[in-house]
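Data file: structure_14.txt. Format and content: compact mmCIF, N, CA and C atoms.
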# COMPACT_ATOMS: atom_id res chain seq x y z
N MET A 1 -106.30 97.35 -44.67
CA MET A 1 -106.82 98.31 -45.62
C MET A 1 -105.65 98.87 -46.44
N VAL A 2 -105.83 98.97 -47.74
CA VAL A 2 -104.78 99.41 -48.65
C VAL A 2 -104.27 100.81 -48.29
N LEU A 3 -105.17 101.72 -47.98
CA LEU A 3 -104.76 103.09 -47.66
C LEU A 3 -103.82 103.10 -46.46
N LEU A 4 -104.19 102.45 -45.38
CA LEU A 4 -103.34 102.45 -44.19
C LEU A 4 -101.99 101.79 -44.45
N ARG A 5 -102.02 100.69 -45.17
CA ARG A 5 -100.76 99.99 -45.48
C ARG A 5 -99.84 100.89 -46.31
N ASN A 6 -100.41 101.56 -47.31
CA ASN A 6 -99.59 102.40 -48.18
C ASN A 6 -99.18 103.71 -47.52
N LEU A 7 -99.99 104.22 -46.60
CA LEU A 7 -99.55 105.39 -45.82
C LEU A 7 -98.29 105.04 -45.06
N ASP A 8 -98.30 103.88 -44.41
CA ASP A 8 -97.13 103.44 -43.66
C ASP A 8 -95.95 103.18 -44.58
N LEU A 9 -96.20 102.55 -45.70
CA LEU A 9 -95.14 102.21 -46.66
C LEU A 9 -94.47 103.47 -47.23
N HIS A 10 -95.25 104.52 -47.46
CA HIS A 10 -94.73 105.73 -48.11
C HIS A 10 -94.51 106.89 -47.13
N VAL A 11 -94.50 106.60 -45.83
CA VAL A 11 -94.40 107.67 -44.85
C VAL A 11 -93.14 108.52 -45.04
N GLY A 12 -92.05 107.94 -45.44
CA GLY A 12 -90.82 108.70 -45.67
C GLY A 12 -90.98 109.71 -46.79
N GLU A 13 -91.54 109.26 -47.91
CA GLU A 13 -91.78 110.17 -49.04
C GLU A 13 -92.79 111.24 -48.68
N LEU A 14 -93.85 110.83 -48.01
CA LEU A 14 -94.90 111.77 -47.62
C LEU A 14 -94.34 112.85 -46.69
N THR A 15 -93.56 112.42 -45.72
CA THR A 15 -92.99 113.35 -44.74
C THR A 15 -92.01 114.30 -45.40
N ALA A 16 -91.17 113.79 -46.29
CA ALA A 16 -90.21 114.64 -46.99
C ALA A 16 -90.91 115.67 -47.87
N LEU A 17 -91.95 115.24 -48.57
CA LEU A 17 -92.68 116.17 -49.44
C LEU A 17 -93.43 117.20 -48.61
N LEU A 18 -93.98 116.80 -47.48
CA LEU A 18 -94.64 117.75 -46.60
C LEU A 18 -93.64 118.76 -46.04
N ALA A 19 -92.47 118.29 -45.66
CA ALA A 19 -91.44 119.22 -45.17
C ALA A 19 -91.08 120.23 -46.24
N ASN A 20 -90.93 119.77 -47.47
CA ASN A 20 -90.62 120.68 -48.57
C ASN A 20 -91.78 121.65 -48.82
N SER A 21 -92.99 121.15 -48.70
CA SER A 21 -94.18 121.96 -48.95
C SER A 21 -94.52 122.87 -47.77
N SER A 22 -93.73 122.80 -46.72
CA SER A 22 -93.91 123.65 -45.55
C SER A 22 -92.71 124.56 -45.33
N SER A 23 -91.71 124.45 -46.19
CA SER A 23 -90.46 125.19 -46.02
C SER A 23 -90.58 126.62 -46.56
N HIS A 24 -89.53 127.36 -46.34
CA HIS A 24 -89.50 128.73 -46.87
C HIS A 24 -89.74 128.75 -48.38
N TRP A 25 -88.95 127.97 -49.11
CA TRP A 25 -89.02 128.01 -50.57
C TRP A 25 -90.21 127.25 -51.13
N GLY A 26 -90.71 126.28 -50.37
CA GLY A 26 -91.82 125.48 -50.85
C GLY A 26 -93.18 125.95 -50.38
N PHE A 27 -93.21 126.93 -49.46
CA PHE A 27 -94.49 127.39 -48.91
C PHE A 27 -94.51 128.90 -48.74
N GLU A 28 -93.62 129.41 -47.91
CA GLU A 28 -93.63 130.84 -47.61
C GLU A 28 -93.40 131.69 -48.86
N ASP A 29 -92.32 131.40 -49.57
CA ASP A 29 -91.98 132.22 -50.72
C ASP A 29 -93.03 132.16 -51.83
N PRO A 30 -93.54 130.99 -52.20
CA PRO A 30 -94.55 130.98 -53.27
C PRO A 30 -95.83 131.76 -52.91
N ILE A 31 -96.23 131.71 -51.64
CA ILE A 31 -97.43 132.46 -51.25
C ILE A 31 -97.12 133.96 -51.26
N TYR A 32 -95.93 134.32 -50.82
CA TYR A 32 -95.50 135.72 -50.95
C TYR A 32 -95.55 136.15 -52.41
N ARG A 33 -95.12 135.29 -53.31
CA ARG A 33 -95.09 135.63 -54.74
C ARG A 33 -96.49 135.92 -55.27
N PHE A 34 -97.48 135.24 -54.75
CA PHE A 34 -98.86 135.56 -55.13
C PHE A 34 -99.20 136.99 -54.74
N TYR A 35 -98.94 137.34 -53.49
CA TYR A 35 -99.28 138.68 -53.00
C TYR A 35 -98.39 139.76 -53.61
N HIS A 36 -97.16 139.43 -53.95
CA HIS A 36 -96.24 140.38 -54.56
C HIS A 36 -96.49 140.51 -56.07
N GLN A 37 -97.37 139.70 -56.58
CA GLN A 37 -97.71 139.64 -58.00
C GLN A 37 -96.47 139.32 -58.84
N SER A 38 -95.80 138.25 -58.44
CA SER A 38 -94.62 137.78 -59.15
C SER A 38 -94.95 136.51 -59.93
N PHE A 39 -94.44 136.43 -61.13
CA PHE A 39 -94.65 135.25 -61.97
C PHE A 39 -94.14 133.98 -61.30
N LYS A 40 -93.29 134.11 -60.30
CA LYS A 40 -92.72 132.94 -59.64
C LYS A 40 -93.78 132.09 -58.93
N VAL A 41 -94.97 132.63 -58.70
CA VAL A 41 -96.04 131.84 -58.10
C VAL A 41 -96.43 130.67 -59.02
N PHE A 42 -96.17 130.82 -60.30
CA PHE A 42 -96.52 129.76 -61.25
C PHE A 42 -95.73 128.47 -60.99
N ALA A 43 -94.55 128.59 -60.37
CA ALA A 43 -93.74 127.41 -60.06
C ALA A 43 -94.43 126.52 -59.03
N LEU A 44 -95.37 127.05 -58.28
CA LEU A 44 -96.11 126.27 -57.29
C LEU A 44 -96.85 125.10 -57.93
N GLN A 45 -97.15 125.21 -59.20
CA GLN A 45 -97.87 124.15 -59.91
C GLN A 45 -97.10 122.83 -59.91
N GLN A 46 -95.77 122.90 -60.02
CA GLN A 46 -94.97 121.68 -60.04
C GLN A 46 -95.05 120.97 -58.68
N GLN A 47 -95.03 121.75 -57.63
CA GLN A 47 -95.13 121.17 -56.30
C GLN A 47 -96.50 120.52 -56.10
N THR A 48 -97.53 121.19 -56.56
CA THR A 48 -98.88 120.65 -56.47
C THR A 48 -98.95 119.33 -57.22
N GLN A 49 -98.41 119.29 -58.41
CA GLN A 49 -98.45 118.06 -59.22
C GLN A 49 -97.66 116.93 -58.56
N ALA A 50 -96.54 117.26 -57.91
CA ALA A 50 -95.76 116.24 -57.21
C ALA A 50 -96.56 115.65 -56.05
N ILE A 51 -97.28 116.50 -55.33
CA ILE A 51 -98.11 116.02 -54.22
C ILE A 51 -99.21 115.11 -54.76
N VAL A 52 -99.89 115.54 -55.80
CA VAL A 52 -100.99 114.75 -56.37
C VAL A 52 -100.46 113.40 -56.86
N ALA A 53 -99.31 113.40 -57.50
CA ALA A 53 -98.74 112.14 -57.99
C ALA A 53 -98.48 111.17 -56.83
N LEU A 54 -97.97 111.68 -55.71
CA LEU A 54 -97.73 110.81 -54.57
C LEU A 54 -99.04 110.35 -53.94
N LEU A 55 -100.02 111.24 -53.84
CA LEU A 55 -101.32 110.85 -53.30
C LEU A 55 -101.96 109.74 -54.13
N ARG A 56 -101.77 109.79 -55.45
CA ARG A 56 -102.35 108.75 -56.32
C ARG A 56 -101.78 107.37 -56.02
N THR A 57 -100.53 107.30 -55.57
CA THR A 57 -99.89 106.01 -55.31
C THR A 57 -100.44 105.32 -54.07
N LEU A 58 -101.14 106.06 -53.22
CA LEU A 58 -101.59 105.50 -51.95
C LEU A 58 -102.74 104.51 -52.11
N VAL A 59 -103.61 104.77 -53.07
CA VAL A 59 -104.69 103.82 -53.39
C VAL A 59 -104.77 103.81 -54.92
N PRO A 60 -103.83 103.11 -55.54
CA PRO A 60 -103.66 103.22 -56.99
C PRO A 60 -104.83 102.72 -57.83
N ASP A 61 -105.66 101.87 -57.28
CA ASP A 61 -106.78 101.34 -58.07
C ASP A 61 -108.04 102.20 -57.97
N ARG A 62 -107.95 103.33 -57.28
CA ARG A 62 -109.10 104.22 -57.12
C ARG A 62 -108.77 105.59 -57.67
N SER A 63 -109.77 106.21 -58.27
CA SER A 63 -109.61 107.57 -58.75
C SER A 63 -109.74 108.53 -57.57
N LEU A 64 -109.07 109.64 -57.68
CA LEU A 64 -109.21 110.68 -56.65
C LEU A 64 -110.55 111.39 -56.82
N SER A 65 -110.99 112.02 -55.77
CA SER A 65 -112.25 112.76 -55.76
C SER A 65 -112.36 113.70 -56.96
N LEU A 66 -113.49 113.68 -57.61
CA LEU A 66 -113.71 114.57 -58.76
C LEU A 66 -113.66 116.03 -58.35
N ARG A 67 -114.14 116.34 -57.18
CA ARG A 67 -114.09 117.72 -56.66
C ARG A 67 -112.63 118.16 -56.51
N PHE A 68 -111.82 117.29 -55.90
CA PHE A 68 -110.40 117.58 -55.74
C PHE A 68 -109.71 117.72 -57.10
N LEU A 69 -109.99 116.80 -58.00
CA LEU A 69 -109.37 116.85 -59.33
C LEU A 69 -109.75 118.11 -60.10
N ALA A 70 -110.98 118.59 -59.92
CA ALA A 70 -111.40 119.83 -60.58
C ALA A 70 -110.58 121.01 -60.05
N ILE A 71 -110.34 121.03 -58.76
CA ILE A 71 -109.51 122.10 -58.16
C ILE A 71 -108.09 122.02 -58.70
N ILE A 72 -107.55 120.82 -58.78
CA ILE A 72 -106.18 120.62 -59.27
C ILE A 72 -106.10 121.02 -60.75
N GLU A 73 -107.07 120.61 -61.53
CA GLU A 73 -107.05 120.95 -62.96
C GLU A 73 -107.10 122.46 -63.16
N ALA A 74 -107.93 123.15 -62.38
CA ALA A 74 -108.04 124.60 -62.51
C ALA A 74 -106.76 125.30 -62.08
N GLY A 75 -105.96 124.67 -61.21
CA GLY A 75 -104.78 125.32 -60.66
C GLY A 75 -103.46 124.80 -61.17
N THR A 76 -103.48 124.03 -62.24
CA THR A 76 -102.23 123.53 -62.82
C THR A 76 -102.31 123.64 -64.35
N GLY A 77 -101.16 123.53 -64.98
CA GLY A 77 -101.11 123.55 -66.44
C GLY A 77 -101.11 124.93 -67.05
N SER A 78 -100.83 125.94 -66.25
CA SER A 78 -100.85 127.32 -66.74
C SER A 78 -99.43 127.88 -66.83
N GLU A 79 -99.16 128.61 -67.87
CA GLU A 79 -97.87 129.28 -68.02
C GLU A 79 -98.08 130.78 -67.93
N PHE A 80 -97.12 131.46 -67.31
CA PHE A 80 -97.23 132.90 -67.15
C PHE A 80 -97.18 133.61 -68.51
N LYS A 81 -98.05 134.59 -68.65
CA LYS A 81 -98.05 135.50 -69.80
C LYS A 81 -98.18 136.91 -69.23
N PRO A 82 -97.50 137.87 -69.79
CA PRO A 82 -97.56 139.24 -69.25
C PRO A 82 -98.99 139.77 -69.09
N GLU A 83 -99.89 139.35 -69.95
CA GLU A 83 -101.27 139.83 -69.84
C GLU A 83 -101.99 139.30 -68.59
N HIS A 84 -101.41 138.29 -67.95
CA HIS A 84 -101.99 137.80 -66.70
C HIS A 84 -101.95 138.86 -65.60
N ASN A 85 -101.01 139.78 -65.69
CA ASN A 85 -100.91 140.82 -64.66
C ASN A 85 -102.18 141.64 -64.54
N ALA A 86 -102.89 141.83 -65.64
CA ALA A 86 -104.12 142.63 -65.62
C ALA A 86 -105.28 141.90 -64.95
N ASN A 87 -105.16 140.58 -64.81
CA ASN A 87 -106.22 139.76 -64.23
C ASN A 87 -105.60 138.78 -63.23
N TRP A 88 -104.69 139.31 -62.42
CA TRP A 88 -103.83 138.50 -61.56
C TRP A 88 -104.59 137.50 -60.69
N ASP A 89 -105.54 137.99 -59.92
CA ASP A 89 -106.23 137.10 -58.98
C ASP A 89 -106.97 135.97 -59.69
N ALA A 90 -107.65 136.28 -60.75
CA ALA A 90 -108.41 135.26 -61.47
C ALA A 90 -107.50 134.18 -62.05
N VAL A 91 -106.31 134.56 -62.43
CA VAL A 91 -105.38 133.60 -63.04
C VAL A 91 -104.60 132.82 -61.98
N THR A 92 -104.20 133.48 -60.90
CA THR A 92 -103.27 132.84 -59.97
C THR A 92 -103.91 132.26 -58.71
N ARG A 93 -105.08 132.75 -58.32
CA ARG A 93 -105.72 132.16 -57.13
C ARG A 93 -105.99 130.67 -57.30
N PRO A 94 -106.40 130.20 -58.47
CA PRO A 94 -106.56 128.74 -58.62
C PRO A 94 -105.25 127.96 -58.40
N ILE A 95 -104.11 128.56 -58.73
CA ILE A 95 -102.82 127.91 -58.50
C ILE A 95 -102.59 127.74 -57.01
N VAL A 96 -102.83 128.81 -56.26
CA VAL A 96 -102.65 128.77 -54.81
C VAL A 96 -103.67 127.84 -54.17
N GLU A 97 -104.91 127.91 -54.62
CA GLU A 97 -105.96 127.05 -54.07
C GLU A 97 -105.63 125.57 -54.29
N ALA A 98 -105.19 125.23 -55.47
CA ALA A 98 -104.84 123.83 -55.76
C ALA A 98 -103.71 123.37 -54.85
N PHE A 99 -102.71 124.21 -54.67
CA PHE A 99 -101.61 123.86 -53.77
C PHE A 99 -102.12 123.64 -52.35
N PHE A 100 -102.93 124.57 -51.84
CA PHE A 100 -103.44 124.44 -50.48
C PHE A 100 -104.23 123.15 -50.29
N HIS A 101 -105.06 122.79 -51.24
CA HIS A 101 -105.83 121.55 -51.12
C HIS A 101 -104.92 120.34 -51.17
N ALA A 102 -103.99 120.33 -52.09
CA ALA A 102 -103.06 119.20 -52.20
C ALA A 102 -102.22 119.08 -50.94
N ARG A 103 -101.70 120.20 -50.45
CA ARG A 103 -100.88 120.20 -49.24
C ARG A 103 -101.70 119.72 -48.04
N PHE A 104 -102.96 120.13 -47.95
CA PHE A 104 -103.82 119.68 -46.86
C PHE A 104 -103.93 118.16 -46.85
N PHE A 105 -104.20 117.56 -48.01
CA PHE A 105 -104.32 116.11 -48.07
C PHE A 105 -102.99 115.43 -47.75
N LEU A 106 -101.90 116.02 -48.18
CA LEU A 106 -100.58 115.49 -47.84
C LEU A 106 -100.37 115.54 -46.33
N GLU A 107 -100.74 116.64 -45.71
CA GLU A 107 -100.60 116.75 -44.26
C GLU A 107 -101.45 115.70 -43.53
N MET A 108 -102.67 115.47 -44.01
CA MET A 108 -103.52 114.46 -43.39
C MET A 108 -102.93 113.07 -43.59
N ALA A 109 -102.35 112.82 -44.75
CA ALA A 109 -101.72 111.52 -45.02
C ALA A 109 -100.58 111.27 -44.03
N VAL A 110 -99.78 112.29 -43.79
CA VAL A 110 -98.68 112.14 -42.82
C VAL A 110 -99.25 111.97 -41.41
N ARG A 111 -100.23 112.77 -41.05
CA ARG A 111 -100.81 112.72 -39.70
C ARG A 111 -101.35 111.33 -39.37
N TYR A 112 -101.96 110.66 -40.35
CA TYR A 112 -102.60 109.38 -40.09
C TYR A 112 -101.79 108.19 -40.60
N SER A 113 -100.53 108.41 -40.92
CA SER A 113 -99.70 107.35 -41.51
C SER A 113 -99.31 106.25 -40.53
N LYS A 114 -99.44 106.48 -39.26
CA LYS A 114 -99.02 105.47 -38.28
C LYS A 114 -100.16 104.66 -37.70
N LEU A 115 -101.35 104.82 -38.25
CA LEU A 115 -102.48 104.01 -37.79
C LEU A 115 -102.32 102.57 -38.23
N ASP A 116 -102.69 101.64 -37.38
CA ASP A 116 -102.68 100.23 -37.80
C ASP A 116 -104.08 99.74 -38.14
N ARG A 117 -105.08 100.55 -37.79
CA ARG A 117 -106.47 100.23 -38.16
C ARG A 117 -107.25 101.54 -38.20
N PRO A 118 -108.36 101.56 -38.89
CA PRO A 118 -109.16 102.79 -38.95
C PRO A 118 -109.61 103.22 -37.56
N PRO A 119 -109.49 104.49 -37.24
CA PRO A 119 -109.89 104.96 -35.92
C PRO A 119 -111.41 104.99 -35.77
N ASP A 120 -111.84 104.82 -34.52
CA ASP A 120 -113.28 104.87 -34.23
C ASP A 120 -113.45 105.67 -32.95
N PRO A 121 -114.08 106.81 -32.99
CA PRO A 121 -114.73 107.42 -34.14
C PRO A 121 -113.71 108.00 -35.11
N LEU A 122 -114.16 108.25 -36.33
CA LEU A 122 -113.28 108.79 -37.37
C LEU A 122 -113.00 110.27 -37.13
N PRO A 123 -111.72 110.65 -37.00
CA PRO A 123 -111.40 112.08 -36.98
C PRO A 123 -111.66 112.67 -38.37
N SER A 124 -111.98 113.92 -38.41
CA SER A 124 -112.30 114.57 -39.70
C SER A 124 -111.18 114.43 -40.72
N GLY A 125 -109.93 114.55 -40.28
CA GLY A 125 -108.81 114.45 -41.21
C GLY A 125 -108.69 113.09 -41.86
N TYR A 126 -108.96 112.03 -41.08
CA TYR A 126 -108.92 110.69 -41.66
C TYR A 126 -110.14 110.47 -42.55
N ALA A 127 -111.29 110.97 -42.11
CA ALA A 127 -112.51 110.82 -42.91
C ALA A 127 -112.37 111.51 -44.26
N VAL A 128 -111.73 112.67 -44.30
CA VAL A 128 -111.58 113.36 -45.58
C VAL A 128 -110.59 112.62 -46.49
N LEU A 129 -109.61 111.95 -45.90
CA LEU A 129 -108.74 111.09 -46.73
C LEU A 129 -109.55 109.98 -47.39
N LEU A 130 -110.46 109.41 -46.63
CA LEU A 130 -111.35 108.39 -47.22
C LEU A 130 -112.17 108.99 -48.35
N CYS A 131 -112.65 110.22 -48.16
CA CYS A 131 -113.41 110.90 -49.22
C CYS A 131 -112.55 111.12 -50.46
N LEU A 132 -111.29 111.46 -50.26
CA LEU A 132 -110.39 111.70 -51.40
C LEU A 132 -110.34 110.49 -52.33
N TYR A 133 -110.40 109.30 -51.74
CA TYR A 133 -110.30 108.07 -52.53
C TYR A 133 -111.65 107.40 -52.77
N GLY A 134 -112.73 108.10 -52.45
CA GLY A 134 -114.06 107.53 -52.64
C GLY A 134 -114.32 106.33 -51.75
N LEU A 135 -113.70 106.31 -50.59
CA LEU A 135 -113.86 105.21 -49.65
C LEU A 135 -114.87 105.53 -48.56
N ARG A 136 -115.43 106.71 -48.64
CA ARG A 136 -116.47 107.13 -47.68
C ARG A 136 -117.50 107.96 -48.40

Give the structure from this file in structure tokens form.
Amino acid sequence: MVLLRNLDLHVGELTALLANSSSHWGFEDPIYRFYHQSFKVFALQQQTQAIVALLRTLVPDRSLSLRFLAIIEAGTGSEFKPEHNANWDAVTRPIVEAFFHARFFLEMAVRYSKLDRPPDPLPSGYAVLLCLYGLR
């Protein structure tokens, strides 16, 4: 199966990106910035986009889930403007939500990267990876 082969092939990149997305500067600090109402939360969008770009390479001939892509679209492509402070949650929660969803799929990709065949029964994390690529 293409997904399993590419998970194994890209495990180094996946693991490194997950480590970065779980680190102080890649995870703790950006979430703090949301709660502290700091414009620095906007930088989380680049990390989200990097995760999505890597996820796309795992099954390149398939589109990602439309539900997932809608979350990513809502949470990326935004630049900070001072007027965002008056409507902070509405503007920045989609950024955090997109990151959390992308990071979740990255974590599942790493978790299931060493499989040599699809598990039976399917664990939820592997099943949702299949959903991401429209394979289930």

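Residues with any atom within 12 Å of Leu66 in chain A, counting only C-alpha atoms and excluding same-chain neighbours fewer than 6 positions away, are Ile72, Glu73, Cys131, Leu132, Tyr133 and Gly134 of chain A.
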
Please return as a PDB file with N, CA and C atoms, keeping the file's coordinate frame every residue within 12 Å of (-95.1, 132.0, -49.7), taking into account only C-alpha atoms and the file's own coordinates.
ATOM      1  N   SER A  21     -92.990 121.150 -48.700  1.00  0.00           N
ATOM      2  CA  SER A  21     -94.180 121.960 -48.950  1.00  0.00           C
ATOM      3  C   SER A  21     -94.520 122.870 -47.770  1.00  0.00           C
ATOM      4  N   SER A  22     -93.730 122.800 -46.720  1.00  0.00           N
ATOM      5  CA  SER A  22     -93.910 123.650 -45.550  1.00  0.00           C
ATOM      6  C   SER A  22     -92.710 124.560 -45.330  1.00  0.00           C
ATOM      7  N   SER A  23     -91.710 124.450 -46.190  1.00  0.00           N
ATOM      8  CA  SER A  23     -90.460 125.190 -46.020  1.00  0.00           C
ATOM      9  C   SER A  23     -90.580 126.620 -46.560  1.00  0.00           C
ATOM     10  N   HIS A  24     -89.530 127.360 -46.340  1.00  0.00           N
ATOM     11  CA  HIS A  24     -89.500 128.730 -46.870  1.00  0.00           C
ATOM     12  C   HIS A  24     -89.740 128.750 -48.380  1.00  0.00           C
ATOM     13  N   TRP A  25     -88.950 127.970 -49.110  1.00  0.00           N
ATOM     14  CA  TRP A  25     -89.020 128.010 -50.570  1.00  0.00           C
ATOM     15  C   TRP A  25     -90.210 127.250 -51.130  1.00  0.00           C
ATOM     16  N   GLY A  26     -90.710 126.280 -50.370  1.00  0.00           N
ATOM     17  CA  GLY A  26     -91.820 125.480 -50.850  1.00  0.00           C
ATOM     18  C   GLY A  26     -93.180 125.950 -50.380  1.00  0.00           C
ATOM     19  N   PHE A  27     -93.210 126.930 -49.460  1.00  0.00           N
ATOM     20  CA  PHE A  27     -94.490 127.390 -48.910  1.00  0.00           C
ATOM     21  C   PHE A  27     -94.510 128.900 -48.740  1.00  0.00           C
ATOM     22  N   GLU A  28     -93.620 129.410 -47.910  1.00  0.00           N
ATOM     23  CA  GLU A  28     -93.630 130.840 -47.610  1.00  0.00           C
ATOM     24  C   GLU A  28     -93.400 131.690 -48.860  1.00  0.00           C
ATOM     25  N   ASP A  29     -92.320 131.400 -49.570  1.00  0.00           N
ATOM     26  CA  ASP A  29     -91.980 132.220 -50.720  1.00  0.00           C
ATOM     27  C   ASP A  29     -93.030 132.160 -51.830  1.00  0.00           C
ATOM     28  N   PRO A  30     -93.540 130.990 -52.200  1.00  0.00           N
ATOM     29  CA  PRO A  30     -94.550 130.980 -53.270  1.00  0.00           C
ATOM     30  C   PRO A  30     -95.830 131.760 -52.910  1.00  0.00           C
ATOM     31  N   ILE A  31     -96.230 131.710 -51.640  1.00  0.00           N
ATOM     32  CA  ILE A  31     -97.430 132.460 -51.250  1.00  0.00           C
ATOM     33  C   ILE A  31     -97.120 133.960 -51.260  1.00  0.00           C
ATOM     34  N   TYR A  32     -95.930 134.320 -50.820  1.00  0.00           N
ATOM     35  CA  TYR A  32     -95.500 135.720 -50.950  1.00  0.00           C
ATOM     36  C   TYR A  32     -95.550 136.150 -52.410  1.00  0.00           C
ATOM     37  N   ARG A  33     -95.120 135.290 -53.310  1.00  0.00           N
ATOM     38  CA  ARG A  33     -95.090 135.630 -54.740  1.00  0.00           C
ATOM     39  C   ARG A  33     -96.490 135.920 -55.270  1.00  0.00           C
ATOM     40  N   PHE A  34     -97.480 135.240 -54.750  1.00  0.00           N
ATOM     41  CA  PHE A  34     -98.860 135.560 -55.130  1.00  0.00           C
ATOM     42  C   PHE A  34     -99.200 136.990 -54.740  1.00  0.00           C
ATOM     43  N   TYR A  35     -98.940 137.340 -53.490  1.00  0.00           N
ATOM     44  CA  TYR A  35     -99.280 138.680 -53.000  1.00  0.00           C
ATOM     45  C   TYR A  35     -98.390 139.760 -53.610  1.00  0.00           C
ATOM     46  N   HIS A  36     -97.160 139.430 -53.950  1.00  0.00           N
ATOM     47  CA  HIS A  36     -96.240 140.380 -54.560  1.00  0.00           C
ATOM     48  C   HIS A  36     -96.490 140.510 -56.070  1.00  0.00           C
ATOM     49  N   GLN A  37     -97.370 139.700 -56.580  1.00  0.00           N
ATOM     50  CA  GLN A  37     -97.710 139.640 -58.000  1.00  0.00           C
ATOM     51  C   GLN A  37     -96.470 139.320 -58.840  1.00  0.00           C
ATOM     52  N   SER A  38     -95.800 138.250 -58.440  1.00  0.00           N
ATOM     53  CA  SER A  38     -94.620 137.780 -59.150  1.00  0.00           C
ATOM     54  C   SER A  38     -94.950 136.510 -59.930  1.00  0.00           C
ATOM     55  N   LYS A  40     -93.290 134.110 -60.300  1.00  0.00           N
ATOM     56  CA  LYS A  40     -92.720 132.940 -59.640  1.00  0.00           C
ATOM     57  C   LYS A  40     -93.780 132.090 -58.930  1.00  0.00           C
ATOM     58  N   VAL A  41     -94.970 132.630 -58.700  1.00  0.00           N
ATOM     59  CA  VAL A  41     -96.040 131.840 -58.100  1.00  0.00           C
ATOM     60  C   VAL A  41     -96.430 130.670 -59.020  1.00  0.00           C
ATOM     61  N   PHE A  42     -96.170 130.820 -60.300  1.00  0.00           N
ATOM     62  CA  PHE A  42     -96.520 129.760 -61.250  1.00  0.00           C
ATOM     63  C   PHE A  42     -95.730 128.470 -60.990  1.00  0.00           C
ATOM     64  N   ALA A  43     -94.550 128.590 -60.370  1.00  0.00           N
ATOM     65  CA  ALA A  43     -93.740 127.410 -60.060  1.00  0.00           C
ATOM     66  C   ALA A  43     -94.430 126.520 -59.030  1.00  0.00           C
ATOM     67  N   LEU A  44     -95.370 127.050 -58.280  1.00  0.00           N
ATOM     68  CA  LEU A  44     -96.110 126.270 -57.290  1.00  0.00           C
ATOM     69  C   LEU A  44     -96.850 125.100 -57.930  1.00  0.00           C
ATOM     70  N   VAL A  96    -102.830 128.810 -56.260  1.00  0.00           N
ATOM     71  CA  VAL A  96    -102.650 128.770 -54.810  1.00  0.00           C
ATOM     72  C   VAL A  96    -103.670 127.840 -54.170  1.00  0.00           C
ATOM     73  N   PHE A  99    -102.710 124.210 -54.670  1.00  0.00           N
ATOM     74  CA  PHE A  99    -101.610 123.860 -53.770  1.00  0.00           C
ATOM     75  C   PHE A  99    -102.120 123.640 -52.350  1.00  0.00           C
ATOM     76  N   PHE A 100    -102.930 124.570 -51.840  1.00  0.00           N
ATOM     77  CA  PHE A 100    -103.440 124.440 -50.480  1.00  0.00           C
ATOM     78  C   PHE A 100    -104.230 123.150 -50.290  1.00  0.00           C
TER      79      PHE A 100
END

- Where does DSSP see alpha helix (DSSP H) in range 89-135 of chain A, if you list the residues as a ChimeraX atom specification? /A:89-111,124-132

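The space between atom N of Arg117 in chain A and atom N of Leu14 in chain A spans 18.3 Å.
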
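If you look at atom C of Ala53 in chain A and CA of Glu97 in chain A, they are 17.8 Å away from each other.
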
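Rounded to one decimal, atom N of Asn6 in chain A and atom N of Ala74 in chain A lie 27.4 Å from each other.
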
Report as a short mmCIF file (atom, residue, chain, number, x, y, z; two decimals) with N, CA and C atoms, keeping the file's coordinate frame all protein, DNA and RNA residues lying within 8 Å of range 104-106 of chain A, evaluated on all atoms listed in the file, omitting residues in the same chain fewer than 2 positions from it.
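Dumped everything to selection21.cif:
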data_model
loop_
_atom_site.label_atom_id
_atom_site.label_comp_id
_atom_site.auth_asym_id
_atom_site.auth_seq_id
_atom_site.Cartn_x
_atom_site.Cartn_y
_atom_site.Cartn_z
N LEU A 14 -93.85 110.83 -48.01
CA LEU A 14 -94.90 111.77 -47.62
C LEU A 14 -94.34 112.85 -46.69
N THR A 15 -93.56 112.42 -45.72
CA THR A 15 -92.99 113.35 -44.74
C THR A 15 -92.01 114.30 -45.40
N LEU A 17 -91.95 115.24 -48.57
CA LEU A 17 -92.68 116.17 -49.44
C LEU A 17 -93.43 117.20 -48.61
N LEU A 18 -93.98 116.80 -47.48
CA LEU A 18 -94.64 117.75 -46.60
C LEU A 18 -93.64 118.76 -46.04
N ILE A 51 -97.28 116.50 -55.33
CA ILE A 51 -98.11 116.02 -54.22
C ILE A 51 -99.21 115.11 -54.76
N VAL A 52 -99.89 115.54 -55.80
CA VAL A 52 -100.99 114.75 -56.37
C VAL A 52 -100.46 113.40 -56.86
N LEU A 55 -100.02 111.24 -53.84
CA LEU A 55 -101.32 110.85 -53.30
C LEU A 55 -101.96 109.74 -54.13
N ALA A 98 -105.19 125.23 -55.47
CA ALA A 98 -104.84 123.83 -55.76
C ALA A 98 -103.71 123.37 -54.85
N PHE A 99 -102.71 124.21 -54.67
CA PHE A 99 -101.61 123.86 -53.77
C PHE A 99 -102.12 123.64 -52.35
N PHE A 100 -102.93 124.57 -51.84
CA PHE A 100 -103.44 124.44 -50.48
C PHE A 100 -104.23 123.15 -50.29
N HIS A 101 -105.06 122.79 -51.24
CA HIS A 101 -105.83 121.55 -51.12
C HIS A 101 -104.92 120.34 -51.17
N ALA A 102 -103.99 120.33 -52.09
CA ALA A 102 -103.06 119.20 -52.20
C ALA A 102 -102.22 119.08 -50.94
N MET A 108 -102.67 115.47 -44.01
CA MET A 108 -103.52 114.46 -43.39
C MET A 108 -102.93 113.07 -43.59
N ALA A 109 -102.35 112.82 -44.75
CA ALA A 109 -101.72 111.52 -45.02
C ALA A 109 -100.58 111.27 -44.03
N VAL A 110 -99.78 112.29 -43.79
CA VAL A 110 -98.68 112.14 -42.82
C VAL A 110 -99.25 111.97 -41.41
N ARG A 111 -100.23 112.77 -41.05
CA ARG A 111 -100.81 112.72 -39.70
C ARG A 111 -101.35 111.33 -39.37
N TYR A 112 -101.96 110.66 -40.35
CA TYR A 112 -102.60 109.38 -40.09
C TYR A 112 -101.79 108.19 -40.60
N VAL A 128 -111.73 112.67 -44.30
CA VAL A 128 -111.58 113.36 -45.58
C VAL A 128 -110.59 112.62 -46.49
N LEU A 129 -109.61 111.95 -45.90
CA LEU A 129 -108.74 111.09 -46.73
C LEU A 129 -109.55 109.98 -47.39
#
